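K.L.:
You'll find protein.cif just under this line, and it carries mmCIF, C-alpha atoms.
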data_run
loop_
_atom_site.group_PDB
_atom_site.id
_atom_site.type_symbol
_atom_site.label_atom_id
_atom_site.label_comp_id
_atom_site.auth_asym_id
_atom_site.auth_seq_id
_atom_site.Cartn_x
_atom_site.Cartn_y
_atom_site.Cartn_z
ATOM 1 C CA MET O 9 129.729 54.783 153.832
ATOM 2 C CA THR O 10 129.601 57.995 155.905
ATOM 3 C CA ARG O 11 131.593 59.971 153.351
ATOM 4 C CA ARG O 12 129.117 59.447 150.534
ATOM 5 C CA PRO O 13 126.187 61.472 152.019
ATOM 6 C CA ALA O 14 128.570 64.310 152.889
ATOM 7 C CA LEU O 15 129.909 64.381 149.322
ATOM 8 C CA ILE O 16 126.368 64.412 147.931
ATOM 9 C CA VAL O 17 125.430 67.360 150.161
ATOM 10 C CA LEU O 18 128.611 69.224 149.190
ATOM 11 C CA GLY O 19 127.841 68.506 145.529
ATOM 12 C CA PHE O 20 124.324 69.977 145.871
ATOM 13 C CA ILE O 21 125.725 73.047 147.630
ATOM 14 C CA ALA O 22 128.334 73.533 144.895
ATOM 15 C CA VAL O 23 125.681 73.241 142.164
ATOM 16 C CA PHE O 24 123.394 75.694 143.995
ATOM 17 C CA VAL O 25 126.192 78.265 144.472
ATOM 18 C CA THR O 26 127.160 77.924 140.789
ATOM 19 C CA ILE O 27 123.561 78.483 139.645
ATOM 20 C CA VAL O 28 123.097 81.555 141.885
ATOM 21 C CA THR O 29 126.447 83.037 140.832
ATOM 22 C CA THR O 30 125.646 82.498 137.142
ATOM 23 C CA TYR O 31 122.199 84.072 137.567
ATOM 24 C CA VAL O 32 123.579 87.188 139.300
ATOM 25 C CA TRP O 33 126.346 87.546 136.709
ATOM 26 C CA LEU O 34 123.807 87.298 133.849
ATOM 27 C CA ALA O 35 121.431 89.775 135.529
ATOM 28 C CA LEU O 36 124.256 92.304 135.920
ATOM 29 C CA HIS O 37 125.767 91.904 132.440
ATOM 30 C CA TRP O 38 122.726 91.296 130.233
ATOM 31 C CA SER O 39 120.474 94.342 130.038
ATOM 32 C CA TYR O 40 116.708 94.085 129.650
ATOM 33 C CA SER O 41 116.545 97.498 127.970
ATOM 34 C CA GLU O 42 118.805 100.426 127.126
ATOM 35 C CA GLY O 43 118.034 104.059 126.493
ATOM 36 C CA GLU O 44 118.566 107.689 127.287
ATOM 37 C CA ARG O 45 116.633 110.115 129.470
ATOM 38 C CA ALA O 46 117.067 113.874 129.516
ATOM 39 C CA GLY O 47 116.027 116.283 132.230
ATOM 40 C CA PHE O 48 117.270 118.319 135.152
ATOM 41 C CA MET O 49 119.583 116.569 137.603
ATOM 42 C CA GLN O 50 117.989 116.948 141.009
ATOM 43 C CA LYS O 51 119.765 114.671 143.416
ATOM 44 C CA LEU O 52 122.540 112.121 143.760
ATOM 45 C CA SER O 53 123.320 110.517 147.111
ATOM 46 C CA HIS O 54 125.540 107.735 148.406
ATOM 47 C CA LYS O 55 123.259 105.697 150.665
ATOM 48 C CA GLY O 56 122.765 102.374 152.378
ATOM 49 C CA TRP O 57 123.512 100.709 155.715
ATOM 50 C CA ILE O 58 125.763 97.887 154.569
ATOM 51 C CA CYS O 59 125.915 98.173 150.778
ATOM 52 C CA LYS O 60 126.548 101.807 149.840
ATOM 53 C CA THR O 61 125.124 102.650 146.410
ATOM 54 C CA TRP O 62 124.773 105.870 144.441
ATOM 55 C CA GLU O 63 121.064 106.689 143.993
ATOM 56 C CA GLY O 64 119.701 109.685 142.112
ATOM 57 C CA GLU O 65 116.708 111.317 140.556
ATOM 58 C CA LEU O 66 116.247 113.186 137.321
ATOM 59 C CA SER O 67 113.330 115.568 136.817
ATOM 60 C CA LEU O 68 111.746 114.998 133.398
ATOM 61 C CA VAL O 69 109.802 118.013 132.136
ATOM 62 C CA ALA O 70 107.783 117.391 128.970
ATOM 63 C CA LEU O 71 106.036 120.754 128.649
ATOM 64 C CA PRO O 72 106.595 124.065 130.440
ATOM 65 C CA GLY O 73 104.141 124.331 133.308
ATOM 66 C CA ALA O 74 103.464 120.577 133.434
ATOM 67 C CA ALA O 75 104.140 118.576 136.564
ATOM 68 C CA PRO O 76 107.568 116.966 136.299
ATOM 69 C CA GLU O 77 107.962 113.194 136.300
ATOM 70 C CA LYS O 78 110.908 111.782 138.226
ATOM 71 C CA PHE O 79 113.294 109.151 136.878
ATOM 72 C CA TYR O 80 114.997 107.248 139.682
ATOM 73 C CA PHE O 81 118.322 105.575 138.922
ATOM 74 C CA SER O 82 121.410 103.906 140.395
ATOM 75 C CA VAL O 83 125.081 104.421 139.528
ATOM 76 C CA ARG O 84 127.659 101.646 139.966
ATOM 77 C CA ASP O 85 130.710 103.503 138.591
ATOM 78 C CA GLU O 86 132.417 106.030 140.916
ATOM 79 C CA THR O 87 133.710 108.069 137.938
ATOM 80 C CA ILE O 88 130.216 108.506 136.491
ATOM 81 C CA ALA O 89 128.861 109.347 139.964
ATOM 82 C CA GLY O 90 131.444 112.136 140.211
ATOM 83 C CA GLN O 91 130.468 113.488 136.780
ATOM 84 C CA ILE O 92 126.771 113.455 137.708
ATOM 85 C CA ASN O 93 127.472 115.130 141.071
ATOM 86 C CA ALA O 94 129.223 117.973 139.227
ATOM 87 C CA MET O 95 126.134 118.467 137.030
ATOM 88 C CA VAL O 96 123.439 118.604 139.740
ATOM 89 C CA GLY O 97 121.025 121.419 138.889
ATOM 90 C CA ASN O 98 121.820 121.333 135.151
ATOM 91 C CA ARG O 99 120.018 119.761 132.211
ATOM 92 C CA VAL O 100 121.673 116.430 131.401
ATOM 93 C CA ALA O 101 121.151 113.333 129.278
ATOM 94 C CA LEU O 102 121.673 110.034 131.066
ATOM 95 C CA THR O 103 122.367 106.814 129.180
ATOM 96 C CA TYR O 104 121.064 103.819 131.104
ATOM 97 C CA GLU O 105 120.716 100.051 131.088
ATOM 98 C CA GLN O 106 117.813 98.328 132.801
ATOM 99 C CA HIS O 107 118.689 95.150 134.697
ATOM 100 C CA LYS O 108 115.663 93.277 136.023
ATOM 101 C CA GLY O 109 115.689 90.547 138.622
ATOM 102 C CA LEU O 110 118.684 91.462 140.753
ATOM 103 C CA PRO O 111 118.387 89.556 144.039
ATOM 104 C CA THR O 112 119.256 92.324 146.543
ATOM 105 C CA SER O 113 119.496 96.108 146.762
ATOM 106 C CA CYS O 114 123.289 95.827 147.221
ATOM 107 C CA PHE O 115 123.664 96.370 143.465
ATOM 108 C CA GLY O 116 121.330 99.396 143.458
ATOM 109 C CA GLU O 117 117.856 100.304 144.662
ATOM 110 C CA THR O 118 116.471 100.656 141.135
ATOM 111 C CA ASP O 119 116.557 98.602 137.933
ATOM 112 C CA TYR O 120 118.121 101.507 136.002
ATOM 113 C CA PHE O 121 121.928 101.774 135.994
ATOM 114 C CA ILE O 122 123.588 104.828 134.444
ATOM 115 C CA THR O 123 126.429 104.101 132.007
ATOM 116 C CA ALA O 124 127.133 107.623 130.670
ATOM 117 C CA VAL O 125 126.177 111.246 131.266
ATOM 118 C CA LYS O 126 126.423 114.373 129.139
ATOM 119 C CA LEU O 127 125.506 117.997 129.667
ATOM 120 C CA VAL O 128 122.646 119.284 127.473
ATOM 121 C CA LYS O 129 122.785 122.943 126.488
#
What do you get writing this file as structure tokens?
P.N.:
Amino acid sequence: MTRRPALIVLGFIAVFVTIVTTYVWLALHWSYSEGERAGFMQKLSHKGWICKTWEGELSLVALPGAAPEKFYFSVRDETIAGQINAMVGNRVALTYEQHKGLPTSCFGETDYFITAVKLVK
């Protein structure tokens, strides 16, 4: 009789862990939106206390003389982070995917994850 409650609790824990794992996997692999932003690469830094993530900002300038808008983004791929770091200060086009609902900032501080970068001349 004492084994049955323990098995029920373990069953609930297993179901809970499966649901959370499935949710995180879906949030990381199913993008809410996709697109491209072009502007001047301003900053890319590797930051965080426990979970180190690549975080950057792109300065979007619509018209000469207008105040620039900043696009904040995260990078999960080390190769892409290296490419972006080499282009800081240049005009670039960033291809991104937006992933909403991620449970922690260990995946990135923003919803926007960069998947490709190219130099704009």
K.L.:
For Ser39 in chain O, which residue among O:Gln106, O:Thr61, O:Ser113, O:Asn93 is the nearest when counting all atoms listed in the file?
P.N.:
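Smallest distance to Ser39 in chain O is found for O:Gln106.
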K.L.:
Range 68-73 of chain O, all listed atoms, 5 Å padding on each side: what axis-aligned box centre and edge lengths in Å to one decimal come out, as lines of an AutoDock Vina configuration file?
P.N.:
center_x = 107.9
center_y = 119.7
center_z = 131.0
size_x = 17.6
size_y = 19.3
size_z = 14.7
K.L.:
With distances taken over only C-alpha atoms, which of O:Trp57, O:Trp62, O:Tyr120, O:Phe79 is nearest to Ile92 in chain O?
P.N.:
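Between O:Trp57, O:Trp62, O:Tyr120, O:Phe79, the residue approaching Ile92 in chain O most closely is O:Trp62.
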K.L.:
CA of Gly47 in chain O and CA of Gly73 in chain O are how many Å apart?
P.N.:
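If I compute the distance from CA of Gly47 in chain O to CA of Gly73 in chain O, I get 14.4 Å.
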K.L.:
State, in Å with one decimal place, the distance from CA of Lys129 in chain O to CA of Arg84 in chain O.
P.N.:
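So the answer is 25.7 Å.
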K.L.:
Just the number, please: distance in Å from CA of Ser82 in chain O to CA of Ser41 in chain O, one decimal.
P.N.:
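Here the two named atoms are 14.8 Å from each other.
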K.L.:
Could you tell me, as a PyMOL selection string, exactly which residues end up selected when the PyMOL selection byres ((chain O and resi 111) around 10) is applied to this structure?
P.N.:
chain O and resi 28+31-32+35+108-110+112-115
K.L.:
O:Val17, O:Leu34, O:Leu127, O:Val25: which is nearest Met95 in chain O, counting all atoms listed in the file?
P.N.:
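When distances to Met95 in chain O are compared using all atoms listed in the file, the smallest one comes from O:Leu127.
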K.L.:
Tell me which of O:Leu66, O:Ala124, O:Leu52, O:Leu71 sits closest to Thr87 in chain O, counting all atoms listed in the file.
P.N.:
O:Ala124
K.L.:
Which one is closest to Glu65 in chain O: O:Phe121, O:Tyr104, O:Phe81, O:Phe24? Count all atoms listed in the file.
P.N.:
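Selected residue with least distance to Glu65 in chain O: O:Phe81.
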K.L.:
Residues within 9 Å of (127.3, 104.8, 146.3), file coordinates, counting only C-alpha atoms: what are they? Give the list as number ranges by chain.
P.N.:
O: 53-56, 59-63, 82-86, 89, 116
